[in-house]
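What follows is the content of model_2.pdb (PDB, C-alpha atoms, pLDDT in the B column).
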ATOM      1  CA  MET A   1     143.436  50.044 117.326  1.00 73.00           C
ATOM      2  CA  GLU A   2     144.665  50.229 113.700  1.00 80.00           C
ATOM      3  CA  LYS A   3     147.778  51.956 112.498  1.00 84.00           C
ATOM      4  CA  LEU A   4     149.161  52.595 108.994  1.00 89.00           C
ATOM      5  CA  MET A   5     152.774  51.667 108.361  1.00 89.00           C
ATOM      6  CA  LYS A   6     154.970  51.849 105.307  1.00 92.00           C
ATOM      7  CA  PRO A   7     156.116  48.440 103.953  1.00 90.00           C
ATOM      8  CA  ALA A   8     159.746  49.306 104.761  1.00 91.00           C
ATOM      9  CA  GLU A   9     158.857  50.228 108.349  1.00 91.00           C
ATOM     10  CA  TYR A  10     156.808  47.076 108.799  1.00 90.00           C
ATOM     11  CA  ALA A  11     159.619  44.934 107.401  1.00 90.00           C
ATOM     12  CA  LYS A  12     162.156  46.597 109.730  1.00 91.00           C
ATOM     13  CA  GLU A  13     159.811  46.187 112.672  1.00 87.00           C
ATOM     14  CA  LEU A  14     159.448  42.458 112.069  1.00 87.00           C
ATOM     15  CA  GLY A  15     162.999  41.922 110.821  1.00 89.00           C
ATOM     16  CA  ILE A  16     161.966  40.610 107.394  1.00 90.00           C
ATOM     17  CA  SER A  17     162.599  41.771 103.834  1.00 90.00           C
ATOM     18  CA  ARG A  18     160.336  44.141 101.964  1.00 89.00           C
ATOM     19  CA  GLN A  19     159.868  41.428  99.291  1.00 90.00           C
ATOM     20  CA  ALA A  20     158.380  39.188 101.958  1.00 90.00           C
ATOM     21  CA  VAL A  21     156.023  41.968 103.014  1.00 90.00           C
ATOM     22  CA  TYR A  22     154.834  42.488  99.412  1.00 91.00           C
ATOM     23  CA  ALA A  23     154.402  38.741  99.049  1.00 90.00           C
ATOM     24  CA  LYS A  24     152.162  38.683 102.164  1.00 91.00           C
ATOM     25  CA  ILE A  25     150.105  41.540 100.726  1.00 92.00           C
ATOM     26  CA  LYS A  26     149.731  39.684  97.456  1.00 89.00           C
ATOM     27  CA  ARG A  27     148.563  36.502  99.193  1.00 90.00           C
ATOM     28  CA  GLY A  28     146.147  38.446 101.394  1.00 89.00           C
ATOM     29  CA  ILE A  29     147.960  37.760 104.657  1.00 89.00           C
ATOM     30  CA  LEU A  30     148.461  41.481 105.231  1.00 87.00           C
ATOM     31  CA  THR A  31     145.896  44.193 104.633  1.00 89.00           C
ATOM     32  CA  ALA A  32     147.146  47.131 102.580  1.00 90.00           C
ATOM     33  CA  LYS A  33     145.581  50.505 101.794  1.00 87.00           C
ATOM     34  CA  ASP A  34     146.362  53.087  99.108  1.00 89.00           C
ATOM     35  CA  VAL A  35     146.555  56.585 100.589  1.00 89.00           C
ATOM     36  CA  GLU A  36     147.211  59.433  98.120  1.00 88.00           C
ATOM     37  CA  GLY A  37     148.992  57.110  95.754  1.00 87.00           C
ATOM     38  CA  LYS A  38     151.172  55.486  98.432  1.00 89.00           C
ATOM     39  CA  LEU A  39     150.836  51.948  99.796  1.00 90.00           C
ATOM     40  CA  TYR A  40     150.417  51.479 103.573  1.00 92.00           C
ATOM     41  CA  ILE A  41     149.920  48.368 105.677  1.00 89.00           C
ATOM     42  CA  VAL A  42     147.042  48.311 108.134  1.00 88.00           C
ATOM     43  CA  VAL A  43     148.442  47.056 111.441  1.00 84.00           C
ATOM     44  CA  ASP A  44     146.655  46.302 114.699  1.00 78.00           C
ATOM     45  CA  THR A  45     148.655  48.215 117.327  1.00 73.00           C
ATOM     46  CA  ASP A  46     147.713  45.713 120.026  1.00 67.00           C
ATOM     47  CA  GLU A  47     149.064  42.889 117.895  1.00 61.00           C
ATOM     48  CA  LEU A  48     152.144  44.899 117.018  1.00 61.00           C
ATOM     49  CA  ALA A  49     152.736  45.721 120.697  1.00 60.00           C
ATOM     50  CA  GLY A  50     152.624  42.022 121.487  1.00 56.00           C
ATOM     51  CA  THR A  51     155.593  41.533 119.219  1.00 53.00           C
ATOM     52  CA  GLU A  52     157.868  43.588 121.527  1.00 48.00           C
ATOM     53  CA  VAL A  53     160.456  41.551 123.320  1.00 40.00           C
ATOM     54  CA  THR A  54     160.075  41.493 127.126  1.00 38.00           C
ATOM     55  CA  LYS A  55     162.915  40.819 129.464  1.00 38.00           C
ATOM     56  CA  PRO A  56     162.860  37.244 130.748  1.00 40.00           C
ATOM     57  CA  ALA A  57     162.268  36.639 134.462  1.00 41.00           C
ATOM     58  CA  GLU A  58     165.171  35.635 136.577  1.00 42.00           C
ATOM     59  CA  THR A  59     164.292  31.997 136.489  1.00 39.00           C
ATOM     60  CA  LYS A  60     166.022  28.945 135.244  1.00 41.00           C
ATOM     61  CA  SER A  61     163.276  28.273 132.679  1.00 45.00           C
ATOM     62  CA  ILE A  62     164.289  28.228 129.024  1.00 49.00           C
ATOM     63  CA  ALA A  63     163.539  31.558 127.307  1.00 52.00           C
ATOM     64  CA  GLN A  64     160.821  31.265 124.651  1.00 57.00           C
ATOM     65  CA  PRO A  65     161.295  33.061 121.301  1.00 59.00           C
ATOM     66  CA  SER A  66     159.406  36.309 120.942  1.00 59.00           C
ATOM     67  CA  PRO A  67     156.393  36.566 118.559  1.00 63.00           C
ATOM     68  CA  ALA A  68     158.476  38.849 116.310  1.00 60.00           C
ATOM     69  CA  LYS A  69     161.125  36.163 115.924  1.00 60.00           C
ATOM     70  CA  LYS A  70     158.440  33.571 115.267  1.00 60.00           C
ATOM     71  CA  SER A  71     156.918  35.855 112.646  1.00 63.00           C
ATOM     72  CA  ALA A  72     160.363  36.436 111.145  1.00 64.00           C
ATOM     73  CA  THR A  73     160.920  32.659 110.971  1.00 71.00           C
ATOM     74  CA  VAL A  74     157.562  32.153 109.294  1.00 66.00           C
ATOM     75  CA  SER A  75     158.274  35.000 106.880  1.00 67.00           C
ATOM     76  CA  ALA A  76     161.650  33.500 106.040  1.00 72.00           C
ATOM     77  CA  LYS A  77     159.984  30.173 105.283  1.00 72.00           C
ATOM     78  CA  GLU A  78     157.378  31.930 103.148  1.00 72.00           C
ATOM     79  CA  SER A  79     160.126  33.835 101.321  1.00 70.00           C
ATOM     80  CA  GLN A  80     161.875  30.524 100.685  1.00 77.00           C
ATOM     81  CA  LYS A  81     158.641  29.117  99.288  1.00 72.00           C
ATOM     82  CA  ASP A  82     158.214  32.204  97.112  1.00 72.00           C
ATOM     83  CA  TYR A  83     161.767  31.818  95.852  1.00 74.00           C
ATOM     84  CA  GLU A  84     161.177  28.155  95.086  1.00 75.00           C
ATOM     85  CA  SER A  85     157.929  29.068  93.280  1.00 70.00           C
ATOM     86  CA  LEU A  86     159.807  31.625  91.215  1.00 73.00           C
ATOM     87  CA  LEU A  87     162.457  29.048  90.334  1.00 77.00           C
ATOM     88  CA  ALA A  88     159.780  26.550  89.328  1.00 71.00           C
ATOM     89  CA  ALA A  89     158.039  29.176  87.183  1.00 68.00           C
ATOM     90  CA  LYS A  90     161.384  30.089  85.611  1.00 70.00           C
ATOM     91  CA  ASP A  91     162.146  26.448  84.818  1.00 74.00           C
ATOM     92  CA  GLU A  92     158.686  26.025  83.292  1.00 67.00           C
ATOM     93  CA  THR A  93     159.157  29.160  81.175  1.00 72.00           C
ATOM     94  CA  ILE A  94     162.555  27.930  79.985  1.00 85.00           C
ATOM     95  CA  ALA A  95     161.048  24.563  79.051  1.00 75.00           C
ATOM     96  CA  VAL A  96     158.270  26.278  77.069  1.00 73.00           C
ATOM     97  CA  LEU A  97     160.810  28.486  75.293  1.00 79.00           C
ATOM     98  CA  LYS A  98     162.958  25.480  74.430  1.00 84.00           C
ATOM     99  CA  GLY A  99     159.933  23.733  72.953  1.00 78.00           C
ATOM    100  CA  THR A 100     159.052  26.843  70.947  1.00 83.00           C
ATOM    101  CA  VAL A 101     162.602  27.131  69.603  1.00 86.00           C
ATOM    102  CA  LYS A 102     162.562  23.451  68.652  1.00 81.00           C
ATOM    103  CA  ASP A 103     159.251  23.876  66.796  1.00 83.00           C
ATOM    104  CA  LEU A 104     160.598  26.944  64.999  1.00 85.00           C
ATOM    105  CA  LYS A 105     163.716  25.064  63.906  1.00 86.00           C
ATOM    106  CA  LYS A 106     161.555  22.232  62.595  1.00 81.00           C
ATOM    107  CA  SER A 107     159.291  24.670  60.739  1.00 81.00           C
ATOM    108  CA  ASN A 108     162.286  26.479  59.252  1.00 84.00           C
ATOM    109  CA  LYS A 109     163.747  23.178  58.088  1.00 82.00           C
ATOM    110  CA  GLN A 110     160.468  22.250  56.389  1.00 83.00           C
ATOM    111  CA  ILE A 111     160.251  25.676  54.749  1.00 89.00           C
ATOM    112  CA  SER A 112     163.845  25.439  53.543  1.00 83.00           C
ATOM    113  CA  THR A 113     163.207  21.988  52.072  1.00 87.00           C
ATOM    114  CA  THR A 114     160.078  23.226  50.285  1.00 88.00           C
ATOM    115  CA  LEU A 115     161.851  26.282  48.898  1.00 85.00           C
ATOM    116  CA  ARG A 116     164.771  24.166  47.717  1.00 86.00           C
ATOM    117  CA  GLY A 117     162.357  21.882  45.863  1.00 86.00           C
ATOM    118  CA  GLU A 118     160.607  24.865  44.244  1.00 85.00           C
ATOM    119  CA  ILE A 119     163.951  26.298  43.123  1.00 92.00           C
ATOM    120  CA  ASP A 120     164.925  22.962  41.544  1.00 87.00           C
ATOM    121  CA  LEU A 121     161.600  22.859  39.664  1.00 86.00           C
ATOM    122  CA  LEU A 122     162.142  26.402  38.393  1.00 87.00           C
ATOM    123  CA  LYS A 123     165.634  25.497  37.203  1.00 87.00           C
ATOM    124  CA  GLU A 124     164.310  22.478  35.308  1.00 83.00           C
ATOM    125  CA  ALA A 125     161.504  24.527  33.740  1.00 86.00           C
ATOM    126  CA  PHE A 126     163.978  27.228  32.695  1.00 84.00           C
ATOM    127  CA  HIS A 127     166.297  24.632  31.144  1.00 80.00           C
ATOM    128  CA  GLU A 128     163.413  23.078  29.172  1.00 82.00           C
ATOM    129  CA  MET A 129     162.208  26.491  27.944  1.00 83.00           C
ATOM    130  CA  ARG A 130     165.731  27.437  26.899  1.00 83.00           C
ATOM    131  CA  THR A 131     166.144  24.162  24.998  1.00 84.00           C
ATOM    132  CA  LEU A 132     162.831  24.625  23.178  1.00 81.00           C
ATOM    133  CA  TYR A 133     163.718  28.216  22.348  1.00 79.00           C
ATOM    134  CA  MET A 134     167.091  27.213  20.905  1.00 77.00           C
ATOM    135  CA  HIS A 135     165.470  24.491  18.799  1.00 72.00           C
ATOM    136  CA  GLN A 136     162.941  27.011  17.488  1.00 76.00           C
ATOM    137  CA  LEU A 137     165.715  29.432  16.556  1.00 76.00           C
ATOM    138  CA  GLU A 138     167.604  26.697  14.732  1.00 71.00           C
ATOM    139  CA  TYR A 139     164.418  25.721  12.880  1.00 66.00           C
ATOM    140  CA  GLN A 140     163.713  29.309  11.797  1.00 69.00           C
ATOM    141  CA  LYS A 141     167.332  30.087  10.894  1.00 62.00           C
ATOM    142  CA  PRO A 142     167.863  29.781   7.106  1.00 59.00           C
ATOM    143  CA  SER A 143     170.528  27.336   6.022  1.00 56.00           C
ATOM    144  CA  ALA A 144     173.648  28.310   4.095  1.00 53.00           C
ATOM    145  CA  GLU A 145     172.355  26.503   0.975  1.00 53.00           C
ATOM    146  CA  ALA A 146     169.116  28.495   1.022  1.00 51.00           C
ATOM    147  CA  ILE A 147     171.089  31.722   1.294  1.00 50.00           C
ATOM    148  CA  ASP A 148     173.275  30.734  -1.634  1.00 53.00           C
ATOM    149  CA  VAL A 149     170.287  29.794  -3.800  1.00 48.00           C
ATOM    150  CA  THR A 150     168.518  33.044  -3.001  1.00 49.00           C
ATOM    151  CA  THR A 151     171.636  35.015  -3.845  1.00 47.00           C
ATOM    152  CA  GLU A 152     172.041  33.243  -7.152  1.00 49.00           C
ATOM    153  CA  GLU A 153     168.399  33.854  -8.012  1.00 49.00           C
ATOM    154  CA  VAL A 154     168.727  37.530  -7.294  1.00 46.00           C
ATOM    155  CA  GLU A 155     171.893  37.811  -9.269  1.00 49.00           C
ATOM    156  CA  THR A 156     170.570  35.921 -12.337  1.00 53.00           C
ATOM    157  CA  THR A 157     167.155  37.632 -12.451  1.00 55.00           C
ATOM    158  CA  PRO A 158     167.457  40.570 -14.920  1.00 63.00           C
ATOM    159  CA  GLN A 159     165.779  43.861 -14.109  1.00 77.00           C
ATOM    160  CA  ARG A 160     163.157  44.980 -16.583  1.00 81.00           C
ATOM    161  CA  GLU A 161     163.557  48.136 -18.630  1.00 89.00           C
ATOM    162  CA  TRP A 162     160.299  49.808 -19.558  1.00 92.00           C
ATOM    163  CA  ILE A 163     160.199  51.977 -22.706  1.00 90.00           C
ATOM    164  CA  GLY A 164     157.538  54.079 -24.351  1.00 91.00           C
ATOM    165  CA  VAL A 165     155.591  53.187 -27.534  1.00 88.00           C
ATOM    166  CA  LYS A 166     157.542  55.519 -29.807  1.00 90.00           C
ATOM    167  CA  LYS A 167     160.870  54.124 -28.642  1.00 91.00           C
ATOM    168  CA  PHE A 168     159.456  50.630 -29.030  1.00 90.00           C
ATOM    169  CA  PHE A 169     158.419  51.291 -32.692  1.00 88.00           C
ATOM    170  CA  LYS A 170     161.858  52.736 -33.377  1.00 90.00           C
ATOM    171  CA  LYS A 171     163.557  49.702 -31.800  1.00 88.00           C
ATOM    172  CA  MET A 172     161.432  47.326 -33.867  1.00 87.00           C
ATOM    173  CA  GLY A 173     161.952  49.351 -37.059  1.00 89.00           C
ATOM    174  CA  ILE A 174     158.254  50.055 -37.584  1.00 87.00           C
ATOM    175  CA  ALA A 175     157.977  53.421 -39.270  1.00 88.00           C
ATOM    176  CA  LYS A 176     154.746  53.205 -41.255  1.00 90.00           C
ATOM    177  CA  GLU A 177     151.664  54.614 -39.588  1.00 91.00           C
ATOM    178  CA  LYS A 178     149.371  51.752 -40.650  1.00 90.00           C
ATOM    179  CA  GLN A 179     151.741  49.194 -39.181  1.00 88.00           C
ATOM    180  CA  GLN A 180     152.035  51.253 -35.959  1.00 90.00           C
ATOM    181  CA  GLU A 181     148.227  51.516 -35.645  1.00 91.00           C
ATOM    182  CA  LYS A 182     147.796  47.814 -36.247  1.00 90.00           C
ATOM    183  CA  LEU A 183     150.491  46.917 -33.695  1.00 88.00           C
ATOM    184  CA  MET A 184     149.053  49.393 -31.207  1.00 90.00           C
ATOM    185  CA  LYS A 185     145.670  47.659 -31.318  1.00 91.00           C
ATOM    186  CA  ARG A 186     147.352  44.328 -30.650  1.00 89.00           C
ATOM    187  CA  LEU A 187     149.304  45.816 -27.715  1.00 90.00           C
ATOM    188  CA  LYS A 188     146.119  47.235 -26.134  1.00 92.00           C
ATOM    189  CA  LYS A 189     144.338  43.919 -26.543  1.00 91.00           C
ATOM    190  CA  ALA A 190     147.257  42.076 -24.957  1.00 91.00           C
ATOM    191  CA  TRP A 191     147.346  44.568 -22.062  1.00 92.00           C
ATOM    192  CA  LYS A 192     143.647  44.040 -21.363  1.00 91.00           C
ATOM    193  CA  SER A 193     144.161  40.282 -21.353  1.00 91.00           C
ATOM    194  CA  GLY A 194     146.874  40.672 -18.634  1.00 91.00           C
ATOM    195  CA  ASP A 195     150.054  40.404 -20.660  1.00 91.00           C
ATOM    196  CA  VAL A 196     152.934  41.107 -18.233  1.00 91.00           C
ATOM    197  CA  ARG A 197     155.079  42.541 -21.018  1.00 91.00           C
ATOM    198  CA  ILE A 198     152.848  45.617 -21.175  1.00 91.00           C
ATOM    199  CA  ARG A 199     151.760  48.037 -18.489  1.00 91.00           C
ATOM    200  CA  LYS A 200     150.190  51.448 -18.260  1.00 89.00           C
ATOM    201  CA  GLU A 201     151.649  54.369 -16.337  1.00 88.00           C
ATOM    202  CA  GLU A 202     149.901  57.757 -16.105  1.00 89.00           C
ATOM    203  CA  GLY A 203     147.755  56.911 -19.151  1.00 87.00           C
ATOM    204  CA  LYS A 204     150.693  55.888 -21.302  1.00 90.00           C
ATOM    205  CA  PHE A 205     151.692  52.381 -22.348  1.00 91.00           C
ATOM    206  CA  LYS A 206     155.080  51.016 -21.396  1.00 91.00           C
ATOM    207  CA  LEU A 207     156.703  47.910 -22.847  1.00 90.00           C
ATOM    208  CA  ASP A 208     159.385  45.587 -21.509  1.00 90.00           C
ATOM    209  CA  ALA A 209     162.448  46.188 -23.630  1.00 87.00           C
ATOM    210  CA  GLN A 210     163.888  42.699 -22.933  1.00 88.00           C
ATOM    211  CA  SER A 211     160.762  40.743 -23.945  1.00 87.00           C
ATOM    212  CA  ASP A 212     160.058  39.180 -27.341  1.00 87.00           C
ATOM    213  CA  TYR A 213     157.107  40.515 -29.360  1.00 86.00           C
ATOM    214  CA  GLY A 214     157.389  38.231 -32.391  1.00 83.00           C
ATOM    215  CA  ASP A 215     153.841  36.950 -31.804  1.00 85.00           C
ATOM    216  CA  MET A 216     152.466  40.462 -32.348  1.00 81.00           C
ATOM    217  CA  ILE A 217     154.696  41.590 -35.210  1.00 79.00           C
ATOM    218  CA  LYS A 218     153.815  39.339 -38.169  1.00 69.00           C
TER     219      LYS A 218
END
Give the structure from the file, written as structure tokens.
Amino acid sequence: MEKLMKPAEYAKELGISRQAVYAKIKRGILTAKDVEGKLYIVVDTDELAGTEVTKPAETKSIAQPSPAKKSATVSAKESQKDYESLLAAKDETIAVLKGTVKDLKKSNKQISTTLRGEIDLLKEAFHEMRTLYMHQLEYQKPSAEAIDVTTEEVETTPQREWIGVKKFFKKMGIAKEKQQEKLMKRLKKAWKSGDVRIRKEEGKFKLDAQSDYGDMIK
């Protein structure tokens, strides 16, 4: 006849730990059943009754250990094996973790070396670019002599003064109309030919007051 027992009750009945009971369930030695969300062990009552300790007969024979004690001894050995298995699994996990940490350290060292090399290359490239840039600035920078020459040229170049035709005739002392008409024709002809001494502004001729017009006044 079958009976359902809680793991704690079964462990107390056999004198073993609850961990040993769960280990037996996991290995299939004990049959377990889930009833309304709770775990129960299926026990044969006849087998369980056989585990009860009977009083020894009044004989001189050596008392044999009860089945419960035998089961407890076996369970203790199985618990020891489970403990040893756990230790072995722990040692294996630690070894794997150590190997992983070692690989990570090696990878980090390689990455650090690569990054250090890239940084050195960037520094060299920056130094070369800076040197080229400085040379370009020095090449484009005008020298002191060029500045002096330019200043002298600006200072010595006179600014032109442009005067009208009437003022020009007065400056040249040309008062007669025939002479003015004759000179005016020459000025127009010179302007058309591109003479820089003459220009036209708003339909009126202007003449450079500093230029010489001896070739036109004869």
Residue neighbourhood Asp195 (chain A), 12 Å, only C-alpha atoms, exclusion window fewer than 4 positions, as a ChimeraX atom specification | /A:186-191,199-200,206-208,211,213,216
Hey, can you spit out that residue selection with C-alpha atoms as a PDB file, in the coordinates of the input?
ATOM      1  CA  ARG A 186     147.352  44.328 -30.650  1.00 89.00           C
ATOM      2  CA  LEU A 187     149.304  45.816 -27.715  1.00 90.00           C
ATOM      3  CA  LYS A 188     146.119  47.235 -26.134  1.00 92.00           C
ATOM      4  CA  LYS A 189     144.338  43.919 -26.543  1.00 91.00           C
ATOM      5  CA  ALA A 190     147.257  42.076 -24.957  1.00 91.00           C
ATOM      6  CA  TRP A 191     147.346  44.568 -22.062  1.00 92.00           C
ATOM      7  CA  ARG A 199     151.760  48.037 -18.489  1.00 91.00           C
ATOM      8  CA  LYS A 200     150.190  51.448 -18.260  1.00 89.00           C
ATOM      9  CA  LYS A 206     155.080  51.016 -21.396  1.00 91.00           C
ATOM     10  CA  LEU A 207     156.703  47.910 -22.847  1.00 90.00           C
ATOM     11  CA  ASP A 208     159.385  45.587 -21.509  1.00 90.00           C
ATOM     12  CA  SER A 211     160.762  40.743 -23.945  1.00 87.00           C
ATOM     13  CA  TYR A 213     157.107  40.515 -29.360  1.00 86.00           C
ATOM     14  CA  MET A 216     152.466  40.462 -32.348  1.00 81.00           C
TER      15      MET A 216
END
Between CA of Ile174 (chain A) and CA of Gly194 (chain A), measure the distance and give it in Å to one decimal.
->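 Here the two named atoms are 24.0 Å from each other.
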Run the PyMOL selection byres ((chain A and resi 35-46) around 12) on the file and write out the hits as a PyMOL selection string.
-> chain A and resi 1-11+13-14+18+21-22+24-26+28-34+47-52
Considering only C-alpha atoms, return as a VMD selection string whatever protein or nucleic-acid residues lie within 12 Å of Asp212 (chain A), sequence-local ones (same chain, fewer than 2 positions apart) excluded.
-> chain A and resid 168 171 to 172 196 to 198 207 to 210 214 to 217
Min atom-atom distance to Lys204 (chain A) from the set A:Lys81, A:Gln180, A:His135, A:Ile163, counting only C-alpha atoms, belongs to A:Ile163
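Atom pair CA of Met184 (chain A) / CA of Val165 (chain A) has a distance of 8.4 Å (rounded to one decimal).
Coordinates place CA of Thr93 (chain A) at a distance of 22.3 Å from CA of Asn108 (chain A).
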